Amino acid sequence: MIFWQFSYLMIGKSLDDEDLIAHGDDKFTRTAVNNAERGDITDRDGNVLASDMEAYRVALIIDDEYPNHVANVEEVASLLNEVLDIDEEEVTERIEKGMEDERFQVELGRAGRDISYNEKQALEAAQQDEDLEVSGLYFVSETKRFYPNGNFASHLVGFAEQDEESGELSGQMGLERAYDEELAGEAGSTGYTQDIWGYIVPNTQNEVKAPEDGADIQLTIDSNIQLYLEDSLDTMEDHFEPEELFAVVADAESGEILGYGQRPSFNPRTREGFGNSWLNMLYQYSFEPGSTFKVFSLAAAIDAGEYDPNATFESGAFDVGGHTIYDWEPEGWGNITYNEGMQYSSNALMMILQDRVGQERMLQYYKDFGFGTSTESEFPGEVSGVIAWDEELQRKTTSFGQTSTVTPIQMIQGMTAILNDGQMKKPYVIDSITDPNTDEVLYQGGESVVREVISPEAAQKTQEEINTFVGGSMDRNPQYQLEEYEVAGKSGTAQVIDPDGGGYMDGPYEFLTSFIGYAPEEDPEVIIYYGIKLASKNKADTWDYGVMHGFNPLMERTLKYLEVGGGSGDSKAETVVVEDYTGAPVDDLLPEKETIRKVVVGEGSEVADHYPKNDTLLPYDTFFIKTDGEATMPDLTGLSKREAIIFGEFTDVTVNIEGEGYVSGQSLEAGRLMEAGHEIDLTLKSMDPND
């Protein structure tokens with residue numbers, strides 16, 4: 001009977017209709033997942049903005065039946081406090097609660113995750129030290145997404161985090177989410193057979209499928225310009241504490257986005273500020289732009305042959321179906337020329353021009369400039385804005401930037417038409433997407449013309465008019481003038497919809513203030529669109545100075561970095577590598593780097609210390625040096641607020657700062673002795689020439 005049963009099983013290979021071979025495979029055959037590496041996101045020069053890195057999670061084994069368990073709770077809590085800065089009481093409470101619940105192990109929440117290799121080594125060394133009573137630490141390796149620059153184009157890059165169930169990284173926001181499938185790649189696998197004790201049977205590893213790493217995305221963002229931009233946003237946020245703030249830098253000729261940032265923002269490394277704003281304001285935020293929109297009404301009137309800069313009109317007010325719409329100066333400026341009206345930013349003139357062009361023809365111009373429709377960017381979920389055109393009052397207010405809504409990317413796109421002989425360029429932020437497994441370029445971004453919106457002649461005349469809006473014959477907007485560059489552009493002060501009661505907010509200085517400008521005015525290379533909404537501090541400055549505190553330093557540093565107007569053509573200023581120069585002669589440090597300012601503390605001949613060290617300096621940054629001998633106070637005139645703070649930390653003195661902008665005065669004269677612990681008062685002033 002036994003022989004017959006074995007024969008039956010060997011021949012039929014089944015029992016009770018169950019396939020015994022399949023049953024054996026299920027019992028002893030296993031498949032291990034070989035995770036793919038998520039693709040990198042880099043800037044235009046290949047600098048990493050987002051990348052995978054190995055991290056660790058620590059768990060504490062508290063089951064006393066397991067050989068390596070937590071035996072000395074106080075010692076373990078003290079160690080975790082020292083290495084990971086976790087509160088000792090919190091660790092103790094988690095362990096004791098786990099013991100009460102008879103758990104095998106406990107974890108430490110977010111504080112016990114994302115542990116670096118060096119931290120893991122320190123904890124392991126302590127656990128292996130026989131003089132310490134540390135035990136029960138268990139480490140789990142996991143992949144995390146690393147964002148080396150912190151709060152840096154955060155809403156563009158986005159972030160990815162590990163899925164709790166699958167353990168895989170998945171994009172949650174920005175490019176990380178929009179291109180999650182391309183970045184994620186495809187996991188591989190390895191099939192093998194294990195024995196009854198769970199060990200791999202030799203020579204059974206087969207069916208190996210290699211993982212396919214995710215594609216790499218290279219952006220048009222320039223990290224140096226982005227750093228300038230983030231710095232300017234920090235200055236504006238500190239000065240105004242606004243509800244919203246944004247800035248975008250674009251190449252005037254190609255439409256490439258060189259930098260973009262907004263506030264509120266977040267740090268994807270620490271999650272600080274996370275959840276304050278989910279919107280990518282560049283593409284997903286629509287608003288009434290105010291007078292910056294007038295450049296497009298002007299361009300339409302010029303192209304239609306209905307604008308004569310020397311023609312005159314009566315400023316102050318305009319009647320629309322029984323409604324009187326006033327200029328921002330209700331009494332107006334009398335009978336003035338069209339050009340003077342543009343310099344004064346007259347609403348009445350814009351409505352006159354709309355009537356001259358004709359409403360339907362004007363509507364077509366707005367559509368041709370790209371308003372009311374998506375720019376078809378690389379980001380899903382882009383909003384299109386609305387051209388409000390149903391009623392006469394809506395049509396008239398649209399001419400000066402109220403009622404209708406736009407997005408920042410539409411404003412940049414429209415401006416490229418004016419600066420490129422009427423040829424409107426499509427803005428783009430992705431330079432390329434490349435498969436690292438084959439080096440195949442899956443997507444190639446590049447300059448492209450959307451359409452010709454206005455004639456080359458009209459574009460040139462429009463640019464000539466815009467060039468008078470800053471420091472022209474009426475001396476308007478002088479605060480946007482720079483010493484070394486001619487800046488042109490249009491300011492805007494738009495009313496803001498009241499989210500509670502409908503209509504517009506009517507409190508003092510409750511505006512969205514913006515400026516769209518380009519430089520140099522004769523041969524534009526850079527466009528910057530800068531906006532601030534509802535300042536809660538220093539509100540009056542949004543009327544007096546606009547966005548000057550952010551726009552001016554950003555434009556100036558960008559132009560200098562790109563060496564616009566210099567003798568190097570299109571080349572960019574290089575970053576400067578700084579090594580450890582301790583003990584070197586002071587005079588030999590970076591003598592050839594004209595773009596770096598040296599601030600020397602002391603009159604010695606050798607370097608005692610310096611900042612930064614083993615790092616890099618961006619063009620037009622400051623290099624701080626301490627010499628041997630007595631410390632003497634340097635001249636800090638011209639340092640930014642950020643640099644002034646760095647100086648105080650570097651020299652161990654207390655720096656008291658009054659004002660905004662750049663250092664214009666110091667309480668301790670240059671050349672005087674300076675001791676650690678001293679207090680130094682620094683006075684900062686803006687770059688406004690009227691100050």
# chains A, B, ... in the order shown; residues from 1 in each chain; ligands from 1

$ select_by_dssp --residues "region 620-683 of chain A" --states "strand (DSSP E or B)" --output "number ranges by chain"
A: 622-627, 632, 640, 654-658, 662-666, 673, 679-683

$ write_last_selection --atoms "N, CA, C and O atoms" --output "mmCIF file, in the first residue's frame"
data_model
loop_
_atom_site.group_PDB
_atom_site.id
_atom_site.type_symbol
_atom_site.label_atom_id
_atom_site.label_comp_id
_atom_site.auth_asym_id
_atom_site.auth_seq_id
_atom_site.Cartn_x
_atom_site.Cartn_y
_atom_site.Cartn_z
ATOM 1 N N THR A 622 31.005 87.383 0.863
ATOM 2 C CA THR A 622 32.057 87.970 1.691
ATOM 3 C C THR A 622 32.850 86.871 2.390
ATOM 4 O O THR A 622 32.274 85.912 2.908
ATOM 5 N N PHE A 623 34.180 87.033 2.411
ATOM 6 C CA PHE A 623 35.099 86.092 3.036
ATOM 7 C C PHE A 623 35.660 86.755 4.290
ATOM 8 O O PHE A 623 36.307 87.803 4.217
ATOM 9 N N PHE A 624 35.365 86.175 5.468
ATOM 10 C CA PHE A 624 35.776 86.755 6.747
ATOM 11 C C PHE A 624 37.078 86.108 7.208
ATOM 12 O O PHE A 624 37.195 84.879 7.222
ATOM 13 N N ILE A 625 38.052 86.933 7.632
ATOM 14 C CA ILE A 625 39.380 86.448 8.018
ATOM 15 C C ILE A 625 39.767 87.054 9.362
ATOM 16 O O ILE A 625 39.619 88.255 9.587
ATOM 17 N N LYS A 626 40.265 86.202 10.270
ATOM 18 C CA LYS A 626 40.903 86.669 11.503
ATOM 19 C C LYS A 626 42.406 86.487 11.352
ATOM 20 O O LYS A 626 42.867 85.438 10.902
ATOM 21 N N THR A 627 43.158 87.506 11.742
ATOM 22 C CA THR A 627 44.615 87.403 11.664
ATOM 23 C C THR A 627 45.192 87.165 13.059
ATOM 24 O O THR A 627 44.480 87.270 14.066
ATOM 25 N N THR A 632 41.156 93.858 15.477
ATOM 26 C CA THR A 632 40.712 95.238 15.240
ATOM 27 C C THR A 632 39.471 95.221 14.364
ATOM 28 O O THR A 632 39.276 94.326 13.544
ATOM 29 N N SER A 640 25.371 92.919 3.874
ATOM 30 C CA SER A 640 23.943 92.669 4.016
ATOM 31 C C SER A 640 23.635 92.290 5.459
ATOM 32 O O SER A 640 24.539 92.026 6.263
ATOM 33 N N THR A 654 28.493 90.617 20.054
ATOM 34 C CA THR A 654 27.048 90.804 19.925
ATOM 35 C C THR A 654 26.777 91.930 18.935
ATOM 36 O O THR A 654 27.250 93.056 19.123
ATOM 37 N N VAL A 655 26.042 91.619 17.894
ATOM 38 C CA VAL A 655 25.737 92.608 16.862
ATOM 39 C C VAL A 655 24.273 93.022 16.999
ATOM 40 O O VAL A 655 23.363 92.191 16.886
ATOM 41 N N ASN A 656 24.041 94.294 17.257
ATOM 42 C CA ASN A 656 22.692 94.854 17.325
ATOM 43 C C ASN A 656 22.403 95.566 16.009
ATOM 44 O O ASN A 656 23.128 96.490 15.622
ATOM 45 N N ILE A 657 21.355 95.139 15.326
ATOM 46 C CA ILE A 657 21.063 95.658 13.998
ATOM 47 C C ILE A 657 19.817 96.532 14.035
ATOM 48 O O ILE A 657 18.778 96.123 14.572
ATOM 49 N N GLU A 658 19.930 97.696 13.457
ATOM 50 C CA GLU A 658 18.796 98.607 13.344
ATOM 51 C C GLU A 658 18.576 98.943 11.873
ATOM 52 O O GLU A 658 19.504 99.353 11.177
ATOM 53 N N TYR A 662 21.442 97.414 3.924
ATOM 54 C CA TYR A 662 22.877 97.167 3.976
ATOM 55 C C TYR A 662 23.527 98.110 4.997
ATOM 56 O O TYR A 662 23.039 99.217 5.247
ATOM 57 N N VAL A 663 24.637 97.649 5.574
ATOM 58 C CA VAL A 663 25.294 98.402 6.644
ATOM 59 C C VAL A 663 25.749 99.769 6.136
ATOM 60 O O VAL A 663 26.462 99.871 5.129
ATOM 61 N N SER A 664 25.318 100.814 6.845
ATOM 62 C CA SER A 664 25.723 102.177 6.488
ATOM 63 C C SER A 664 26.461 102.866 7.631
ATOM 64 O O SER A 664 27.075 103.913 7.436
ATOM 65 N N GLY A 665 26.390 102.265 8.829
ATOM 66 C CA GLY A 665 27.085 102.859 9.962
ATOM 67 C C GLY A 665 27.368 101.820 11.023
ATOM 68 O O GLY A 665 26.661 100.816 11.144
ATOM 69 N N GLN A 666 28.431 102.042 11.820
ATOM 70 C CA GLN A 666 28.814 101.109 12.874
ATOM 71 C C GLN A 666 29.285 101.886 14.086
ATOM 72 O O GLN A 666 29.916 102.938 13.974
ATOM 73 N N LEU A 673 40.295 98.555 18.588
ATOM 74 C CA LEU A 673 40.410 97.220 19.152
ATOM 75 C C LEU A 673 39.026 96.638 19.435
ATOM 76 O O LEU A 673 38.111 97.348 19.876
ATOM 77 N N GLU A 679 29.620 94.578 22.364
ATOM 78 C CA GLU A 679 28.382 94.839 21.627
ATOM 79 C C GLU A 679 28.666 95.900 20.585
ATOM 80 O O GLU A 679 29.251 96.946 20.893
ATOM 81 N N ILE A 680 28.258 95.629 19.361
ATOM 82 C CA ILE A 680 28.482 96.566 18.259
ATOM 83 C C ILE A 680 27.131 96.873 17.626
ATOM 84 O O ILE A 680 26.371 95.952 17.281
ATOM 85 N N ASP A 681 26.803 98.131 17.472
ATOM 86 C CA ASP A 681 25.554 98.560 16.844
ATOM 87 C C ASP A 681 25.810 98.844 15.368
ATOM 88 O O ASP A 681 26.719 99.609 15.020
ATOM 89 N N LEU A 682 24.992 98.240 14.517
ATOM 90 C CA LEU A 682 25.097 98.459 13.083
ATOM 91 C C LEU A 682 23.806 99.070 12.575
ATOM 92 O O LEU A 682 22.705 98.620 12.929
ATOM 93 N N THR A 683 23.931 100.096 11.760
ATOM 94 C CA THR A 683 22.776 100.747 11.146
ATOM 95 C C THR A 683 22.684 100.325 9.690
ATOM 96 O O THR A 683 23.663 100.428 8.950
#

$ residues_around --residues "region 523-534 of chain A" --least-positions-apart "2" --cutoff "8 Å" --atoms "only C-alpha atoms" --output "ChimeraX atom specification"
/A:242-253,408,411-412,419,509-521,536,539,547,550-551,555,559,564

$ write_last_selection --atoms "N, CA and C atoms" --output "compact mmCIF listing (two decimals), in the first residue's frame"
# COMPACT_ATOMS: atom_id res chain seq x y z
N PRO A 242 4.33 89.02 5.47
CA PRO A 242 3.15 89.06 4.62
C PRO A 242 2.37 87.74 4.67
N GLU A 243 1.18 87.79 4.11
CA GLU A 243 0.39 86.57 3.97
C GLU A 243 1.00 85.69 2.88
N GLU A 244 1.44 86.29 1.79
CA GLU A 244 2.04 85.54 0.69
C GLU A 244 3.13 86.38 0.03
N LEU A 245 4.07 85.67 -0.57
CA LEU A 245 5.22 86.31 -1.19
C LEU A 245 5.76 85.39 -2.27
N PHE A 246 6.11 85.94 -3.43
CA PHE A 246 6.68 85.09 -4.47
C PHE A 246 7.69 85.88 -5.29
N ALA A 247 8.60 85.17 -5.93
CA ALA A 247 9.58 85.78 -6.84
C ALA A 247 9.99 84.74 -7.86
N VAL A 248 10.11 85.17 -9.10
CA VAL A 248 10.55 84.29 -10.18
C VAL A 248 11.55 85.03 -11.04
N VAL A 249 12.65 84.34 -11.39
CA VAL A 249 13.69 84.88 -12.26
C VAL A 249 13.69 84.06 -13.54
N ALA A 250 13.64 84.73 -14.69
CA ALA A 250 13.59 84.03 -15.97
C ALA A 250 14.58 84.63 -16.95
N ASP A 251 15.06 83.80 -17.86
CA ASP A 251 15.90 84.26 -18.96
C ASP A 251 14.99 84.99 -19.95
N ALA A 252 15.29 86.24 -20.23
CA ALA A 252 14.41 87.07 -21.06
C ALA A 252 14.35 86.57 -22.50
N GLU A 253 15.39 85.90 -22.97
CA GLU A 253 15.44 85.49 -24.37
C GLU A 253 14.85 84.11 -24.59
N PRO A 408 1.64 83.86 -12.09
CA PRO A 408 2.98 84.40 -12.33
C PRO A 408 3.62 83.89 -13.61
N MET A 411 2.43 85.82 -16.58
CA MET A 411 3.02 87.15 -16.67
C MET A 411 4.42 87.09 -17.26
N ILE A 412 5.21 86.10 -16.86
CA ILE A 412 6.54 85.92 -17.43
C ILE A 412 6.43 85.61 -18.91
N LEU A 419 9.74 91.48 -25.18
CA LEU A 419 11.20 91.59 -25.19
C LEU A 419 11.86 90.79 -26.31
N TYR A 509 -3.50 99.89 3.25
CA TYR A 509 -2.39 99.16 2.63
C TYR A 509 -2.66 97.66 2.49
N GLU A 510 -3.91 97.29 2.32
CA GLU A 510 -4.24 95.87 2.11
C GLU A 510 -4.25 95.59 0.62
N PHE A 511 -3.06 95.40 0.08
CA PHE A 511 -2.87 95.25 -1.36
C PHE A 511 -2.04 94.01 -1.68
N LEU A 512 -2.04 93.68 -2.95
CA LEU A 512 -1.00 92.82 -3.52
C LEU A 512 -0.10 93.75 -4.32
N THR A 513 1.10 93.93 -3.86
CA THR A 513 2.05 94.84 -4.49
C THR A 513 3.07 94.04 -5.28
N SER A 514 3.36 94.47 -6.50
CA SER A 514 4.27 93.68 -7.33
C SER A 514 5.06 94.58 -8.27
N PHE A 515 6.07 93.99 -8.87
CA PHE A 515 6.87 94.68 -9.89
C PHE A 515 7.37 93.63 -10.87
N ILE A 516 7.14 93.86 -12.15
CA ILE A 516 7.71 93.00 -13.18
C ILE A 516 8.73 93.85 -13.93
N GLY A 517 9.99 93.44 -13.84
CA GLY A 517 11.05 94.27 -14.41
C GLY A 517 12.07 93.45 -15.16
N TYR A 518 12.85 94.13 -15.97
CA TYR A 518 13.89 93.47 -16.75
C TYR A 518 15.12 94.36 -16.81
N ALA A 519 16.24 93.77 -17.12
CA ALA A 519 17.50 94.51 -17.23
C ALA A 519 18.48 93.70 -18.06
N PRO A 520 19.46 94.40 -18.67
CA PRO A 520 19.52 95.85 -18.88
C PRO A 520 18.40 96.29 -19.84
N GLU A 521 17.95 97.51 -19.73
CA GLU A 521 16.76 97.92 -20.47
C GLU A 521 16.98 97.94 -21.98
N SER A 536 1.76 92.40 7.08
CA SER A 536 1.21 92.64 8.42
C SER A 536 2.12 93.54 9.25
N LYS A 539 3.50 98.05 6.83
CA LYS A 539 2.58 98.05 5.70
C LYS A 539 2.80 99.22 4.75
N VAL A 547 8.25 96.48 -3.81
CA VAL A 547 9.02 95.27 -3.48
C VAL A 547 10.51 95.52 -3.66
N GLY A 550 13.31 93.44 -1.92
CA GLY A 550 13.61 92.11 -2.43
C GLY A 550 14.08 92.13 -3.87
N PHE A 551 13.42 92.93 -4.70
CA PHE A 551 13.71 92.95 -6.14
C PHE A 551 15.12 93.46 -6.43
N MET A 555 17.94 91.34 -8.40
CA MET A 555 18.30 91.70 -9.78
C MET A 555 19.79 92.02 -9.88
N LEU A 559 22.46 89.80 -12.12
CA LEU A 559 23.17 90.38 -13.26
C LEU A 559 24.68 90.28 -13.09
N VAL A 564 26.54 90.18 -16.74
CA VAL A 564 25.85 90.97 -17.75
C VAL A 564 26.53 92.33 -17.87

$ select_by_dssp --residues "region 270-351 of chain A" --states "alpha helix (DSSP H)" --output "list in words"
Met281, Leu282, Tyr283, Gln284, Lys294, Val295, Phe296, Ser297, Leu298, Ala299, Ala300, Ala301, Ile302, Asp303, Tyr338, Asn339, Glu340, Gly341, Met342, Gln343, Asn347, Ala348, Leu349, Met350 and Met351 of chain A

$ residues_around --residues "His610 (chain A)" --least-positions-apart "4" --cutoff "12 Å" --atoms "only C-alpha atoms" --output "NGL selection string"
:A and (578-584 or 586 or 589 or 598-602 or 606 or 614-615 or 622-628 or 646-647 or 649-651)

$ residues_around --residues "Arg44 (chain A)" --least-positions-apart "2" --cutoff "8 Å" --atoms "only C-alpha atoms" --output "list in words"
Thr42, Gly46, Asn47, Gln218, Leu219, Thr220, Ile221, Asp222, Ser223 and Asp431 of chain A

$ write_last_selection --atoms "N, CA and C atoms" --output "short mmCIF file (atom, residue, chain, number, x, y, z; two decimals), in the first residue's frame"
data_model
loop_
_atom_site.label_atom_id
_atom_site.label_comp_id
_atom_site.auth_asym_id
_atom_site.auth_seq_id
_atom_site.Cartn_x
_atom_site.Cartn_y
_atom_site.Cartn_z
N THR A 42 18.37 67.55 -10.29
CA THR A 42 19.55 68.42 -10.23
C THR A 42 19.24 69.79 -10.83
N GLY A 46 24.06 70.36 -12.76
CA GLY A 46 24.23 69.02 -12.23
C GLY A 46 24.33 68.94 -10.72
N ASN A 47 24.17 70.06 -10.01
CA ASN A 47 24.19 70.03 -8.55
C ASN A 47 22.90 69.40 -8.04
N GLN A 218 16.92 67.02 -14.84
CA GLN A 218 17.77 68.21 -14.73
C GLN A 218 16.92 69.44 -15.00
N LEU A 219 16.99 70.40 -14.09
CA LEU A 219 16.18 71.61 -14.18
C LEU A 219 16.97 72.75 -14.80
N THR A 220 16.26 73.80 -15.17
CA THR A 220 16.90 75.02 -15.67
C THR A 220 17.30 75.93 -14.52
N ILE A 221 16.91 75.58 -13.29
CA ILE A 221 17.23 76.38 -12.11
C ILE A 221 18.74 76.51 -11.94
N ASP A 222 19.20 77.72 -11.65
CA ASP A 222 20.60 77.96 -11.33
C ASP A 222 20.70 78.10 -9.81
N SER A 223 21.45 77.22 -9.16
CA SER A 223 21.49 77.20 -7.70
C SER A 223 21.99 78.51 -7.10
N ASP A 431 14.98 70.95 -17.98
CA ASP A 431 15.93 70.94 -19.10
C ASP A 431 15.94 69.59 -19.79
#

$ residues_around --residues "region 53-70 of chain A" --least-positions-apart "4" --cutoff "6 Å" --atoms "only C-alpha atoms" --output "list in words"
Phe104, Gln105, Val106, Glu107, Gly112, Arg113, Asp114, Ile115, Ser116, Ser135, Gly136, Leu137, Tyr138, Phe139, Val140, Ser141, Glu142, Thr143 and Lys144 of chain A

$ write_last_selection --atoms "all heavy atoms" --output "short mmCIF file (atom, residue, chain, number, x, y, z; two decimals), in the first residue's frame"
data_model
loop_
_atom_site.label_atom_id
_atom_site.label_comp_id
_atom_site.auth_asym_id
_atom_site.auth_seq_id
_atom_site.Cartn_x
_atom_site.Cartn_y
_atom_site.Cartn_z
N PHE A 104 7.45 43.48 22.30
CA PHE A 104 8.79 42.97 22.04
C PHE A 104 9.77 44.13 21.88
O PHE A 104 10.91 44.06 22.35
CB PHE A 104 8.79 42.11 20.78
CG PHE A 104 10.17 41.63 20.37
CD1 PHE A 104 10.80 40.62 21.07
CD2 PHE A 104 10.83 42.21 19.30
CE1 PHE A 104 12.07 40.18 20.71
CE2 PHE A 104 12.10 41.79 18.92
CZ PHE A 104 12.72 40.76 19.64
N GLN A 105 9.33 45.20 21.22
CA GLN A 105 10.20 46.35 20.98
C GLN A 105 9.38 47.62 20.92
O GLN A 105 8.15 47.58 20.75
CB GLN A 105 10.99 46.20 19.68
CG GLN A 105 10.14 46.29 18.42
CD GLN A 105 10.95 46.16 17.15
OE1 GLN A 105 11.85 45.34 17.09
NE2 GLN A 105 10.63 46.95 16.14
N VAL A 106 10.05 48.76 21.07
CA VAL A 106 9.40 50.06 20.90
C VAL A 106 10.27 50.91 19.98
O VAL A 106 11.49 50.68 19.86
CB VAL A 106 9.22 50.80 22.25
CG1 VAL A 106 8.27 50.05 23.15
CG2 VAL A 106 10.56 51.02 22.94
N GLU A 107 9.63 51.86 19.31
CA GLU A 107 10.37 52.80 18.47
C GLU A 107 10.18 54.20 19.03
O GLU A 107 9.37 54.43 19.94
CB GLU A 107 9.89 52.70 17.02
CG GLU A 107 10.19 51.34 16.40
CD GLU A 107 10.02 51.31 14.88
OE1 GLU A 107 9.96 52.40 14.28
OE2 GLU A 107 9.97 50.20 14.32
N GLY A 112 13.55 58.97 16.11
CA GLY A 112 14.37 57.78 15.92
C GLY A 112 14.55 57.38 14.48
O GLY A 112 15.12 56.31 14.21
N ARG A 113 14.08 58.21 13.57
CA ARG A 113 14.22 57.93 12.14
C ARG A 113 15.28 58.83 11.52
O ARG A 113 15.74 59.78 12.13
CB ARG A 113 12.89 58.15 11.41
CG ARG A 113 11.80 57.14 11.79
CD ARG A 113 10.49 57.47 11.08
NE ARG A 113 9.47 56.46 11.32
CZ ARG A 113 9.28 55.39 10.56
NH1 ARG A 113 10.06 55.20 9.50
NH2 ARG A 113 8.34 54.51 10.84
N ASP A 114 15.61 58.51 10.29
CA ASP A 114 16.56 59.31 9.50
C ASP A 114 17.88 59.50 10.25
O ASP A 114 18.47 60.59 10.25
CB ASP A 114 15.96 60.68 9.16
CG ASP A 114 14.73 60.56 8.28
OD1 ASP A 114 14.56 59.51 7.64
OD2 ASP A 114 13.94 61.52 8.23
N ILE A 115 18.34 58.46 10.90
CA ILE A 115 19.61 58.51 11.61
C ILE A 115 20.75 58.36 10.60
O ILE A 115 20.72 57.48 9.74
CB ILE A 115 19.69 57.40 12.67
CG1 ILE A 115 18.58 57.60 13.71
CG2 ILE A 115 21.04 57.36 13.34
CD1 ILE A 115 18.48 56.47 14.70
N SER A 116 21.74 59.21 10.71
CA SER A 116 22.86 59.16 9.78
C SER A 116 23.79 57.99 10.11
O SER A 116 23.71 57.38 11.19
CB SER A 116 23.66 60.47 9.83
OG SER A 116 24.35 60.57 11.07
N SER A 135 22.39 48.38 25.89
CA SER A 135 22.00 47.19 25.13
C SER A 135 20.60 47.39 24.59
O SER A 135 19.89 48.33 24.97
CB SER A 135 22.06 45.94 26.01
OG SER A 135 21.20 46.11 27.14
N GLY A 136 20.20 46.50 23.68
CA GLY A 136 18.84 46.52 23.16
C GLY A 136 18.61 47.40 21.95
O GLY A 136 17.49 47.51 21.46
N LEU A 137 19.68 48.03 21.42
CA LEU A 137 19.52 48.89 20.25
C LEU A 137 19.54 48.03 18.99
O LEU A 137 20.42 47.19 18.80
CB LEU A 137 20.63 49.93 20.18
CG LEU A 137 20.79 50.87 21.38
CD1 LEU A 137 21.91 51.86 21.12
CD2 LEU A 137 19.49 51.60 21.65
N TYR A 138 18.56 48.26 18.14
CA TYR A 138 18.44 47.49 16.90
C TYR A 138 18.22 48.48 15.76
O TYR A 138 17.38 49.39 15.86
CB TYR A 138 17.27 46.51 17.00
CG TYR A 138 16.96 45.77 15.71
CD1 TYR A 138 17.83 44.81 15.22
CD2 TYR A 138 15.79 46.05 15.01
CE1 TYR A 138 17.54 44.12 14.04
CE2 TYR A 138 15.49 45.38 13.83
CZ TYR A 138 16.38 44.42 13.35
OH TYR A 138 16.09 43.75 12.18
N PHE A 139 18.98 48.32 14.66
CA PHE A 139 18.93 49.30 13.56
C PHE A 139 18.33 48.67 12.30
O PHE A 139 18.65 47.54 11.94
CB PHE A 139 20.33 49.83 13.25
CG PHE A 139 20.96 50.55 14.41
CD1 PHE A 139 21.77 49.88 15.33
CD2 PHE A 139 20.71 51.90 14.61
CE1 PHE A 139 22.32 50.54 16.40
CE2 PHE A 139 21.26 52.57 15.68
CZ PHE A 139 22.07 51.89 16.58
N VAL A 140 17.48 49.43 11.66
CA VAL A 140 16.86 49.01 10.41
C VAL A 140 17.30 49.98 9.32
O VAL A 140 17.12 51.20 9.46
CB VAL A 140 15.32 49.01 10.51
CG1 VAL A 140 14.70 48.59 9.18
CG2 VAL A 140 14.86 48.09 11.63
N SER A 141 17.87 49.45 8.26
CA SER A 141 18.30 50.29 7.14
C SER A 141 17.11 50.65 6.28
O SER A 141 16.25 49.81 6.00
CB SER A 141 19.36 49.55 6.31
OG SER A 141 19.70 50.31 5.17
N GLU A 142 17.04 51.90 5.85
CA GLU A 142 15.96 52.34 4.97
C GLU A 142 16.46 53.47 4.08
O GLU A 142 17.44 54.15 4.41
CB GLU A 142 14.74 52.79 5.77
CG GLU A 142 15.03 53.88 6.79
CD GLU A 142 13.85 54.17 7.70
OE1 GLU A 142 12.87 53.39 7.68
OE2 GLU A 142 13.90 55.16 8.43
N THR A 143 15.80 53.61 2.97
CA THR A 143 16.17 54.67 2.03
C THR A 143 15.32 55.90 2.30
O THR A 143 14.10 55.80 2.45
CB THR A 143 15.97 54.20 0.58
OG1 THR A 143 16.77 53.05 0.34
CG2 THR A 143 16.37 55.29 -0.39
N LYS A 144 15.95 57.04 2.36
CA LYS A 144 15.22 58.29 2.53
C LYS A 144 15.61 59.25 1.41
O LYS A 144 16.64 59.08 0.75
CB LYS A 144 15.51 58.93 3.88
CG LYS A 144 16.95 59.38 4.07
CD LYS A 144 17.10 60.29 5.27
CE LYS A 144 16.53 61.66 5.00
NZ LYS A 144 16.84 62.65 6.05
#

$ residues_around --residues "Ser286 (chain A)" --least-positions-apart "3" --cutoff "10 Å" --atoms "only C-alpha atoms" --output "PyMOL selection string"
chain A and resi 281-283+289+382-386+404-410

$ closest_residue --among "A:Asp500, A:Asp52, A:Asp216, A:Asp421" --to "Val449 (chain A)" --atoms "only C-alpha atoms"
A:Asp421
